[in-house]
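Note: the block below is upload-v5.tsv and it holds TSV, C-alpha atoms.
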```tsv
chain	number	residue	atom	x	y	z
A	183	MET	CA	-22.39	-3.08	-70.56
A	184	GLU	CA	-20.54	-6.32	-71.05
A	185	SER	CA	-18.06	-4.61	-73.33
A	186	PHE	CA	-17.37	-2.04	-70.61
A	187	LEU	CA	-16.90	-4.69	-67.94
A	188	SER	CA	-14.57	-6.62	-70.18
A	189	GLN	CA	-12.32	-3.66	-70.87
A	190	ASN	CA	-8.77	-4.20	-69.68
A	191	PHE	CA	-6.84	-1.69	-67.54
A	192	ILE	CA	-3.32	-2.44	-66.33
A	193	GLY	CA	-3.75	-6.16	-66.81
A	194	ASN	CA	-7.21	-6.51	-65.21
A	195	THR	CA	-10.74	-6.04	-66.48
A	196	VAL	CA	-13.24	-3.56	-65.05
A	197	GLN	CA	-15.29	-6.49	-63.77
A	198	GLU	CA	-12.31	-7.79	-61.78
A	199	TYR	CA	-11.74	-4.34	-60.27
A	200	LEU	CA	-15.41	-4.11	-59.33
A	201	LEU	CA	-15.33	-7.57	-57.76
A	202	VAL	CA	-12.28	-6.58	-55.72
A	203	LEU	CA	-13.97	-3.34	-54.66
A	204	GLY	CA	-17.14	-5.24	-53.78
A	205	ALA	CA	-15.17	-7.77	-51.74
A	206	ILE	CA	-13.46	-4.97	-49.83
A	207	ILE	CA	-16.78	-3.18	-49.16
A	208	LEU	CA	-18.45	-6.46	-48.12
A	209	GLY	CA	-15.58	-7.40	-45.81
A	210	ILE	CA	-15.53	-3.98	-44.16
A	211	PHE	CA	-19.34	-4.08	-43.84
A	212	ILE	CA	-19.19	-7.47	-42.12
A	213	VAL	CA	-16.56	-6.16	-39.67
A	214	LYS	CA	-18.72	-3.07	-39.01
A	215	VAL	CA	-21.76	-5.25	-38.34
A	216	PHE	CA	-19.64	-7.44	-36.05
A	217	LYS	CA	-18.49	-4.36	-34.12
A	218	ARG	CA	-21.99	-2.93	-33.88
A	219	PHE	CA	-23.91	-6.01	-32.77
A	220	VAL	CA	-21.31	-8.29	-31.21
A	221	LEU	CA	-18.53	-6.11	-29.85
A	222	LYS	CA	-21.00	-3.58	-28.41
A	223	ARG	CA	-22.68	-6.32	-26.39
A	224	ILE	CA	-19.34	-7.66	-25.27
A	225	GLU	CA	-18.29	-4.15	-24.27
A	226	LYS	CA	-21.50	-3.70	-22.25
A	227	TRP	CA	-21.00	-7.04	-20.53
A	228	ILE	CA	-17.36	-6.23	-19.77
A	229	GLY	CA	-18.35	-2.86	-18.28
A	230	GLU	CA	-20.39	-4.69	-15.61
A	231	THR	CA	-17.45	-6.78	-14.37
A	232	GLU	CA	-15.39	-5.68	-11.35
A	233	ASN	CA	-11.88	-6.14	-12.76
A	234	ASP	CA	-10.38	-3.89	-15.41
A	235	ILE	CA	-8.28	-6.49	-17.27
A	236	ASP	CA	-11.07	-7.37	-19.69
A	237	ASP	CA	-11.67	-3.65	-20.34
A	238	TYR	CA	-8.05	-3.16	-21.31
A	239	VAL	CA	-8.01	-6.30	-23.49
A	240	PHE	CA	-11.16	-5.15	-25.28
A	241	GLU	CA	-9.70	-1.68	-25.82
A	242	SER	CA	-6.47	-3.16	-27.22
A	243	PHE	CA	-8.45	-5.44	-29.53
A	244	ASP	CA	-10.51	-2.51	-30.83
A	245	ARG	CA	-7.47	-0.27	-31.33
A	246	PHE	CA	-5.04	-2.71	-32.93
A	247	VAL	CA	-6.69	-5.96	-34.04
A	248	ILE	CA	-9.63	-4.39	-35.91
A	249	PRO	CA	-7.32	-2.20	-38.08
A	250	ILE	CA	-5.24	-5.31	-38.87
A	251	ILE	CA	-8.43	-7.04	-40.04
A	252	TYR	CA	-9.36	-4.06	-42.24
A	253	PHE	CA	-5.95	-3.96	-43.91
A	254	SER	CA	-5.91	-7.76	-44.27
A	255	ILE	CA	-9.24	-7.63	-46.14
A	256	ILE	CA	-7.93	-4.93	-48.48
A	257	TYR	CA	-4.64	-6.79	-48.99
A	258	ALA	CA	-6.29	-10.15	-49.67
A	259	ALA	CA	-8.71	-8.60	-52.16
A	260	VAL	CA	-6.11	-6.55	-54.03
A	261	MET	CA	-3.70	-9.46	-54.30
A	262	THR	CA	-6.28	-11.40	-56.35
A	263	LEU	CA	-5.64	-8.98	-59.21
A	264	SER	CA	-3.00	-9.56	-61.85
A	265	LEU	CA	-0.25	-7.19	-60.76
A	266	SER	CA	3.28	-6.61	-61.90
A	267	ASN	CA	6.05	-7.89	-59.66
A	268	TYR	CA	7.01	-4.33	-58.67
A	269	VAL	CA	3.45	-3.38	-57.64
A	270	SER	CA	2.86	-6.73	-55.95
A	271	ASN	CA	6.08	-6.44	-53.93
A	272	ALA	CA	5.28	-2.83	-52.99
A	273	ILE	CA	1.80	-3.77	-51.75
A	274	GLN	CA	3.17	-6.76	-49.86
A	275	ALA	CA	5.88	-4.63	-48.26
A	276	ALA	CA	3.32	-2.00	-47.24
A	277	TYR	CA	1.10	-4.68	-45.72
A	278	ILE	CA	4.02	-6.17	-43.76
A	279	VAL	CA	4.96	-2.71	-42.44
A	280	ILE	CA	1.36	-2.04	-41.35
A	281	LEU	CA	1.02	-5.51	-39.82
A	282	THR	CA	4.31	-5.09	-37.94
A	283	TYR	CA	3.33	-1.65	-36.63
A	284	PHE	CA	-0.01	-2.74	-35.19
A	285	SER	CA	1.42	-6.03	-33.87
A	286	VAL	CA	4.20	-4.23	-32.01
A	287	ARG	CA	1.68	-1.78	-30.55
A	288	LEU	CA	-0.50	-4.70	-29.45
A	289	VAL	CA	2.41	-6.53	-27.77
A	290	SER	CA	3.52	-3.29	-26.09
A	291	SER	CA	0.01	-2.74	-24.72
A	292	ILE	CA	-0.19	-6.29	-23.36
A	293	VAL	CA	3.20	-5.96	-21.65
A	294	LEU	CA	2.18	-2.61	-20.16
A	295	LEU	CA	-1.05	-4.15	-18.87
A	296	ALA	CA	0.83	-7.05	-17.25
A	297	LEU	CA	3.33	-4.69	-15.62
A	298	ARG	CA	0.60	-2.42	-14.28
A	299	LYS	CA	-1.28	-5.34	-12.76
A	300	TYR	CA	1.93	-6.68	-11.21
A	301	VAL	CA	2.87	-3.29	-9.74
A	302	ARG	CA	-0.63	-2.45	-8.48
A	303	ARG	CA	-0.67	-5.62	-6.34
A	304	GLN	CA	2.31	-4.29	-4.37
A	305	GLU	CA	2.28	-1.85	-1.49
A	306	ASN	CA	1.63	1.73	-2.67
A	307	GLY	CA	0.89	0.27	-6.10
A	308	GLU	CA	-0.72	3.37	-7.57
A	309	GLU	CA	2.35	5.43	-6.74
A	310	LYS	CA	4.64	2.83	-8.32
A	311	VAL	CA	2.58	2.80	-11.54
A	312	LYS	CA	3.79	6.36	-12.08
A	313	GLN	CA	7.36	5.04	-12.14
A	314	LEU	CA	6.69	2.71	-15.07
A	315	GLY	CA	7.73	5.33	-17.63
A	316	GLY	CA	11.42	4.40	-17.59
A	317	VAL	CA	10.77	0.67	-17.60
A	318	MET	CA	8.29	0.92	-20.47
A	319	LEU	CA	10.73	3.06	-22.46
A	320	ILE	CA	13.35	0.29	-22.31
A	321	ILE	CA	10.79	-2.47	-22.98
A	322	ASN	CA	9.37	-0.55	-25.95
A	323	ILE	CA	12.85	-0.15	-27.42
A	324	ILE	CA	13.37	-3.92	-27.15
A	325	ILE	CA	9.94	-4.71	-28.62
A	326	TRP	CA	10.39	-2.29	-31.52
A	327	ALA	CA	13.88	-3.66	-32.18
A	328	LEU	CA	12.43	-7.18	-32.42
A	329	GLY	CA	9.64	-5.81	-34.62
A	330	PHE	CA	12.16	-4.30	-37.04
A	331	VAL	CA	14.06	-7.59	-37.17
A	332	PHE	CA	10.79	-9.36	-38.00
A	333	LEU	CA	10.03	-6.69	-40.63
A	334	PHE	CA	13.40	-6.93	-42.36
A	335	ASP	CA	13.25	-10.72	-42.30
A	336	ASN	CA	9.85	-10.68	-44.07
A	337	LEU	CA	11.09	-8.09	-46.54
A	338	GLY	CA	13.81	-10.50	-47.64
A	339	TYR	CA	16.85	-8.95	-45.97
A	340	ASP	CA	19.59	-11.02	-44.36
A	341	VAL	CA	18.62	-10.76	-40.69
A	342	THR	CA	21.69	-12.72	-39.56
A	343	ALA	CA	24.00	-10.06	-40.96
A	344	ILE	CA	21.90	-7.33	-39.34
A	345	ILE	CA	21.94	-9.05	-35.94
A	346	THR	CA	25.70	-9.64	-36.23
A	347	GLY	CA	26.22	-5.97	-37.04
A	348	LEU	CA	24.02	-4.93	-34.15
A	349	GLY	CA	25.94	-7.28	-31.86
A	350	ILE	CA	29.30	-5.80	-32.78
A	351	GLY	CA	27.90	-2.28	-32.54
A	352	GLY	CA	26.28	-3.14	-29.22
A	353	ILE	CA	29.59	-4.31	-27.78
A	354	ALA	CA	31.27	-1.08	-28.89
A	355	ILE	CA	28.45	1.01	-27.41
A	356	ALA	CA	28.51	-1.01	-24.19
A	357	LEU	CA	32.24	-0.44	-23.75
A	358	ALA	CA	31.89	3.28	-24.44
A	359	ALA	CA	28.86	3.77	-22.20
A	360	GLN	CA	29.38	1.15	-19.49
A	361	ASN	CA	28.70	3.66	-16.69
A	362	ILE	CA	25.41	4.70	-18.25
A	363	LEU	CA	24.42	1.07	-18.85
A	364	GLY	CA	25.43	0.27	-15.27
A	365	ASP	CA	23.05	2.96	-13.98
A	366	LEU	CA	20.35	1.65	-16.33
A	367	PHE	CA	20.76	-1.90	-15.02
A	368	ASN	CA	20.65	-0.63	-11.43
A	369	TYR	CA	17.43	1.23	-12.27
A	370	PHE	CA	15.84	-2.15	-13.02
A	371	VAL	CA	17.30	-3.49	-9.76
A	372	ILE	CA	15.74	-0.60	-7.82
A	373	PHE	CA	12.40	-0.95	-9.61
A	374	PHE	CA	11.96	-4.71	-9.20
A	375	ASP	CA	13.88	-5.36	-5.94
A	376	ARG	CA	12.46	-2.20	-4.31
A	377	PRO	CA	15.13	-1.38	-1.69
A	378	PHE	CA	13.44	2.02	-1.52
A	379	GLU	CA	10.56	3.87	-3.15
A	380	ILE	CA	9.38	7.42	-3.75
A	381	GLY	CA	8.55	9.02	-0.39
A	382	ASP	CA	10.97	6.91	1.67
A	383	PHE	CA	13.34	8.66	4.07
A	384	LEU	CA	16.90	7.45	3.44
A	385	ILE	CA	20.28	7.95	5.05
A	386	ILE	CA	23.21	7.26	2.71
A	387	ASP	CA	26.56	7.71	4.44
A	388	ASP	CA	26.41	11.31	5.73
A	389	LYS	CA	23.55	12.35	3.41
A	390	ASN	CA	19.84	12.03	4.11
A	391	GLY	CA	16.51	13.01	2.64
A	392	ILE	CA	13.24	11.87	1.09
A	393	VAL	CA	13.23	10.11	-2.30
A	394	ASP	CA	11.75	12.57	-4.78
A	395	LYS	CA	12.20	10.81	-8.15
A	396	ILE	CA	13.72	7.55	-9.44
A	397	GLY	CA	15.03	8.01	-12.97
A	398	ILE	CA	16.69	5.77	-15.52
A	399	LYS	CA	20.18	7.05	-14.63
A	400	THR	CA	19.82	9.03	-11.41
A	401	THR	CA	17.70	9.19	-8.27
A	402	ARG	CA	16.76	12.55	-6.77
A	403	ILE	CA	16.56	12.99	-2.99
A	404	ARG	CA	15.11	16.07	-1.28
A	405	THR	CA	16.99	16.86	1.94
A	406	LEU	CA	15.34	18.16	5.09
A	407	SER	CA	16.97	21.55	4.50
A	408	GLY	CA	15.31	21.78	1.08
A	409	GLU	CA	18.05	21.21	-1.51
A	410	GLN	CA	18.02	18.30	-3.95
A	411	LEU	CA	20.69	15.60	-3.98
A	412	VAL	CA	21.30	13.67	-7.20
A	413	PHE	CA	22.73	10.15	-6.90
A	414	ALA	CA	23.72	7.82	-9.71
A	415	ASN	CA	21.68	4.62	-9.43
A	416	ALA	CA	24.88	2.56	-9.29
A	417	ASP	CA	26.08	4.58	-6.28
A	418	LEU	CA	22.86	3.85	-4.40
A	419	THR	CA	22.81	0.11	-5.04
A	420	ASN	CA	26.46	-0.12	-3.97
A	421	SER	CA	25.88	1.87	-0.75
A	422	ARG	CA	24.62	0.90	2.69
A	423	ILE	CA	21.22	2.58	2.87
A	424	HIS	CA	19.20	3.20	6.03
A	425	ASN	CA	15.55	3.19	4.99
A	426	TYR	CA	13.47	4.60	7.82
A	427	LYS	CA	10.19	4.27	5.89
A	428	LYS	CA	10.43	0.50	6.34
A	429	MET	CA	10.74	0.80	10.12
A	430	GLN	CA	7.54	-0.32	11.87
A	431	ARG	CA	8.69	0.28	15.45
A	432	ARG	CA	11.55	2.19	17.00
A	433	ARG	CA	13.88	0.87	19.72
A	434	ILE	CA	15.07	3.58	22.12
A	435	VAL	CA	17.91	3.29	24.61
A	436	PHE	CA	18.78	6.23	26.83
A	437	SER	CA	20.50	6.72	30.19
A	438	VAL	CA	20.30	9.01	33.18
A	439	GLY	CA	22.90	9.49	35.90
A	440	VAL	CA	22.45	10.36	39.59
A	441	THR	CA	25.06	11.60	42.05
A	442	TYR	CA	27.20	9.35	44.24
A	443	GLU	CA	25.59	10.94	47.30
A	444	THR	CA	22.30	9.13	46.50
A	445	PRO	CA	21.41	6.64	49.30
A	446	ALA	CA	21.36	2.93	48.44
A	447	ASP	CA	17.65	2.50	49.25
A	448	LYS	CA	16.73	5.22	46.73
A	449	LEU	CA	19.03	3.67	44.12
A	450	ARG	CA	17.03	0.45	44.44
A	451	GLN	CA	13.77	2.35	43.87
A	452	ILE	CA	14.93	4.12	40.71
A	453	PRO	CA	14.51	1.16	38.20
A	454	GLY	CA	10.88	0.71	39.32
A	455	VAL	CA	10.24	4.44	39.05
A	456	LEU	CA	11.68	4.49	35.53
A	457	LYS	CA	9.49	1.53	34.56
A	458	GLU	CA	6.37	3.33	35.85
A	459	ILE	CA	7.29	6.41	33.83
A	460	VAL	CA	7.83	4.47	30.57
A	461	GLU	CA	4.55	2.59	30.93
A	462	THR	CA	2.53	5.83	31.04
A	463	GLN	CA	2.52	5.88	27.21
A	464	ASP	CA	0.09	3.50	25.48
A	465	ILE	CA	2.05	3.04	22.25
A	466	VAL	CA	5.25	2.16	24.12
A	467	ASP	CA	6.41	-1.32	25.19
A	468	PHE	CA	8.74	-1.26	28.19
A	469	ASP	CA	11.80	-3.49	27.86
A	470	ARG	CA	14.15	-2.88	30.82
A	471	ALA	CA	15.62	-0.39	33.29
A	472	HIS	CA	18.86	-1.18	35.15
A	473	PHE	CA	21.56	0.35	37.30
A	474	LYS	CA	24.22	-0.14	34.68
A	475	THR	CA	27.59	1.37	35.59
A	476	PHE	CA	29.61	3.42	38.04
A	477	GLY	CA	30.58	6.43	35.98
A	478	ASP	CA	33.34	8.95	36.57
A	479	SER	CA	30.95	11.38	38.20
A	480	SER	CA	27.58	9.57	38.28
A	481	LEU	CA	25.74	6.34	38.95
A	482	ASN	CA	24.28	5.48	35.53
A	483	PHE	CA	20.90	3.88	34.83
A	484	GLU	CA	19.98	2.60	31.36
A	485	ILE	CA	16.41	2.45	30.06
A	486	CYS	CA	15.20	0.62	26.95
A	487	TYR	CA	11.74	0.75	25.38
A	488	TYR	CA	9.98	0.29	22.00
A	489	ILE	CA	7.70	2.78	20.27
A	490	ASN	CA	5.11	1.18	17.99
A	491	SER	CA	5.48	4.01	15.50
A	492	ALA	CA	8.19	5.04	13.05
A	493	ASP	CA	7.36	8.75	13.21
A	494	PHE	CA	10.31	10.73	14.53
A	495	ASN	CA	8.20	13.54	15.96
A	496	THR	CA	6.18	11.00	17.94
A	497	TYR	CA	9.41	9.60	19.39
A	498	MET	CA	10.65	13.08	20.36
A	499	ASP	CA	7.33	13.98	22.02
A	500	ILE	CA	7.40	10.79	24.08
A	501	GLN	CA	11.05	11.17	25.05
A	502	GLN	CA	10.45	14.78	26.08
A	503	ASP	CA	7.54	13.70	28.29
A	504	TYR	CA	9.74	11.03	29.89
A	505	ASN	CA	12.48	13.57	30.59
A	506	PHE	CA	9.99	15.89	32.30
A	507	GLN	CA	8.58	13.04	34.42
A	508	ILE	CA	12.05	11.79	35.42
A	509	TYR	CA	13.09	15.27	36.50
A	510	GLU	CA	9.90	15.76	38.54
A	511	ARG	CA	9.99	12.31	40.19
A	512	PHE	CA	13.68	12.58	41.08
A	513	GLU	CA	13.05	16.01	42.56
A	514	LYS	CA	10.27	14.60	44.77
A	515	MET	CA	12.51	11.70	45.84
A	516	GLY	CA	15.35	14.05	46.71
A	517	VAL	CA	17.63	12.47	44.08
A	518	ASP	CA	20.02	14.76	42.25
A	519	ILE	CA	20.76	14.23	38.57
A	520	ALA	CA	24.53	14.17	38.17
A	521	PHE	CA	26.66	16.42	36.03
A	522	PRO	CA	30.41	16.10	35.40
A	523	THR	CA	32.35	16.72	38.64
A	524	ARG	CA	36.00	16.19	39.55
A	525	THR	CA	37.49	16.21	43.06
A	526	ILE	CA	41.22	17.03	43.33
A	527	TYR	CA	43.33	16.47	46.50
A	528	VAL	CA	46.49	18.56	46.89
A	529	ARG	CA	49.11	18.90	49.66
A	530	ASN	CA	51.29	21.91	50.48
A	531	GLU	CA	54.84	21.84	51.71
A	532	ASN	CA	53.74	21.32	55.33
A	533	GLY	CA	51.76	18.21	54.45
A	534	GLN	CA	48.44	19.97	54.73
A	535	LYS	CA	45.73	18.36	52.60
A	536	PHE	CA	43.22	20.36	50.53
A	537	GLU	CA	40.17	19.19	48.56
A	538	LEU	CA	38.92	21.06	45.48
A	539	ASP	CA	35.61	20.18	43.82
A	540	LEU	CA	35.66	21.22	40.13
A	541	LYS	CA	32.25	21.17	38.42
A	542	ALA	CA	31.99	21.40	34.66
A	543	GLU	CA	29.61	24.01	33.35
A	544	ASN	CA	29.18	24.32	29.58
A	545	GLY	CA	32.45	22.48	29.02
A	546	ASP	CA	34.59	24.76	31.27
A	547	SER	CA	36.01	23.71	34.64
A	548	LYS	CA	35.25	26.05	37.53
A	549	GLU	CA	36.61	25.99	41.09
A	550	GLU	CA	33.51	25.61	43.22
A	551	GLU	CA	34.74	24.82	46.74
A	552	VAL	CA	38.01	24.83	48.62
A	553	SER	CA	38.32	22.98	51.94
A	554	SER	CA	41.35	22.29	54.10
A	555	SER	CA	42.20	19.71	56.70
A	556	SER	CA	43.86	22.49	58.74
A	557	ASP	CA	42.92	26.02	59.79
A	558	SER	CA	46.14	27.39	58.31
A	559	PRO	CA	45.79	29.44	55.13
A	560	VAL	CA	46.82	27.97	51.82
A	561	GLU	CA	50.35	28.91	50.90
```

Would you mind writing the structure in this file as structure tokens?
Amino acid sequence: MESFLSQNFIGNTVQEYLLVLGAIILGIFIVKVFKRFVLKRIEKWIGETENDIDDYVFESFDRFVIPIIYFSIIYAAVMTLSLSNYVSNAIQAAYIVILTYFSVRLVSSIVLLALRKYVRRQENGEEKVKQLGGVMLIINIIIWALGFVFLFDNLGYDVTAIITGLGIGGIAIALAAQNILGDLFNYFVIFFDRPFEIGDFLIIDDKNGIVDKIGIKTTRIRTLSGEQLVFANADLTNSRIHNYKKMQRRRIVFSVGVTYETPADKLRQIPGVLKEIVETQDIVDFDRAHFKTFGDSSLNFEICYYINSADFNTYMDIQQDYNFQIYERFEKMGVDIAFPTRTIYVRNENGQKFELDLKAENGDSKEEEVSSSSDSPVE
């Protein structure tokens, strides 16, 4: 038996190989026991807590740290053998690659966890978590790039030359794709500054619609008529955007005109009547009602109120109700709502004076009445 154990294979005896194998089995067994009796209890205790941070940390530890421990045990045991430089360097390189892979995955998971917790604390957090795909893609690219730099540095390559080459190449790529990079930068601006979010109703110049998707380069908006508008992110951040989703209350100003034949005592009653009408709605705060101006063909009253709702249909329902009430109350008061009217005075050759009242109907002038200061016919 001793002669068998002392036999030499590739620079190491059978006994040394068995010791290495035993060390690997023992190390893996200890980790298994640790997982079974310690980690299981920790997992059970974590499952009873209210927050989910510890659950995610435990899951990341089990997925990435435990495999690192397994490979570290195997690496440490194998490296105790007498190996050629080529084999030793190959094993070391393989271990560094494996260590880098799991370390990058662990860092990526931690960053994703932090971002999710940050986003969930915001308004409509669950909806915003769905938008993390683009951000995580960019962050993962950065993390993996740093991981490769770390890998090449540990493999003995000149990292300075690599970084210099990447820097020069990055400048060339940036110059060639500056519009794309500009949209990418503005995507981060939109994500973190949050001028608008998915579901918001926006008006951009003469375009409007509901935000459907926020991408790395473009943002998609669904118009009220159904088609989809595609905006570059840079165009949106450089535009003046009206975001109606952020509006908590709506300020309404409208006017109504009555005829010049309205008596003065009724004119004085109209602001109070308008106030009574506005205050019939519970979600409305009355601001003011005034006799504002003498118009070309009407005496104009201006009414201002606030609706404690941003819904446009709610505003239209309330305004419609006000219009009905104003029409009914004015009719009871004997007050006529004005429409565009023009009175023209003309004289004939004999100095006779005539008055013509022209009333606009649907944009067209129509002769409504002809009166004369004399009984003679119009020549």

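Proximity of A:Ile278, A:Ile321, A:Val239, A:Leu481 to Ser254 of chain A, computed with all atoms listed in the file, is greatest for A:Ile278.
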
- prompt: Looking at all atoms listed in the file, which of A:Leu337, A:Met515, A:Leu456, A:Leu294 is the one that sits closest to Thr444 of chain A?
  reply: A:Met515

- prompt: Can you list, as an NGL selection string, every protein, DNA or RNA residue that comes within 9 Å of segment 393-410 of chain A when you count only C-alpha atoms, leaving out same-chain residues fewer than 5 positions away?
  reply: :A and (313 or 316-317 or 362-370 or 372-373 or 378-384 or 415-416 or 418)

task: Work out how far atom CA of Ser242 of chain A is from atom CA of Ile228 of chain A, in Å to one decimal.
output: 13.5 Å

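The gap separating atom CA of Ala275 of chain A from atom CA of Leu328 of chain A is 17.3 Å, in Å to one decimal.
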
message: Show me, as a VMD selection string, the residues that have an atom within 12 Å of Asn482 of chain A when counting only C-alpha atoms, minus same-chain residues fewer than 4 positions from it.
response: chain A and resid 436 to 442 444 449 452 to 453 471 to 478 519 to 521

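One distance worth recording is that between atom CA of Val279 of chain A and atom CA of Leu333 of chain A, which is 6.7 Å.
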
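Comparing A:Phe211, A:Tyr238, A:Tyr497, A:Tyr252 by their smallest distance to Ile465 of chain A, the closest is A:Tyr497 (using all atoms listed in the file).
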
- request: Step by step: start from the point (19.7, -4.6, -5.2) in the file's coordinates, keep every protein, DNA or RNA residue that has an atom no farther than 9 Å from it, count all atoms listed in the file, and write the set as a ChimeraX atom specification.
  value: /A:368,371-372,374-377,419-420

Given 4 Å on each side, where is the centre and what are the edge lengths in Å to one decimal of the axis-aligned box enclosing the listed atoms of segment 410-424 of chain A, as JSON?
```
{"center_x": 22.2, "center_y": 9.1, "center_z": -1.8, "size_x": 16.4, "size_y": 26.4, "size_z": 23.7}
```

query: For Ser491 of chain A, which residue among A:Val269, A:Leu411, A:Ile508, A:Ile434 is the nearest when counting only C-alpha atoms?
result: A:Ile434

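Between Asn322 of chain A and the residues A:Ile248, A:Met498, A:Val286, A:Ala272, the shortest atom-to-atom distance, using all atoms listed in the file, involves A:Val286.
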
- request: Please identify all polymer residues lying at most 9 Å from the point (10.2, 5.5, 30.3) (file coordinates), using all atoms listed in the file, and present the result as a PyMOL selection string.
  value: chain A and resi 455-463+466+468+471+485-487+500-501+503-505+507-508

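Minimum distance to Asn425 of chain A across A:Ile385, A:Leu203, A:Ile489, A:Ile392 (counting all atoms listed in the file) occurs at A:Ile385.
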
Fewer than 4 positions away in the same chain doesn't count, so skip those; otherwise give me all residues within 10 Å of Ile251 of chain A, counting only C-alpha atoms, as an mmCIF file with C-alpha atoms, in the frame of the given file.
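part11.cif, written as the output of this step:
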```cif
data_model
loop_
_atom_site.group_PDB
_atom_site.id
_atom_site.type_symbol
_atom_site.label_atom_id
_atom_site.label_comp_id
_atom_site.auth_asym_id
_atom_site.auth_seq_id
_atom_site.Cartn_x
_atom_site.Cartn_y
_atom_site.Cartn_z
ATOM 1 C CA GLY A 209 -15.580 -7.400 -45.810
ATOM 2 C CA ILE A 210 -15.530 -3.980 -44.160
ATOM 3 C CA VAL A 213 -16.560 -6.160 -39.670
ATOM 4 C CA PHE A 246 -5.040 -2.710 -32.930
ATOM 5 C CA VAL A 247 -6.690 -5.960 -34.040
ATOM 6 C CA ILE A 255 -9.240 -7.630 -46.140
ATOM 7 C CA ILE A 256 -7.930 -4.930 -48.480
ATOM 8 C CA TYR A 257 -4.640 -6.790 -48.990
ATOM 9 C CA LEU A 281 1.020 -5.510 -39.820
#
```
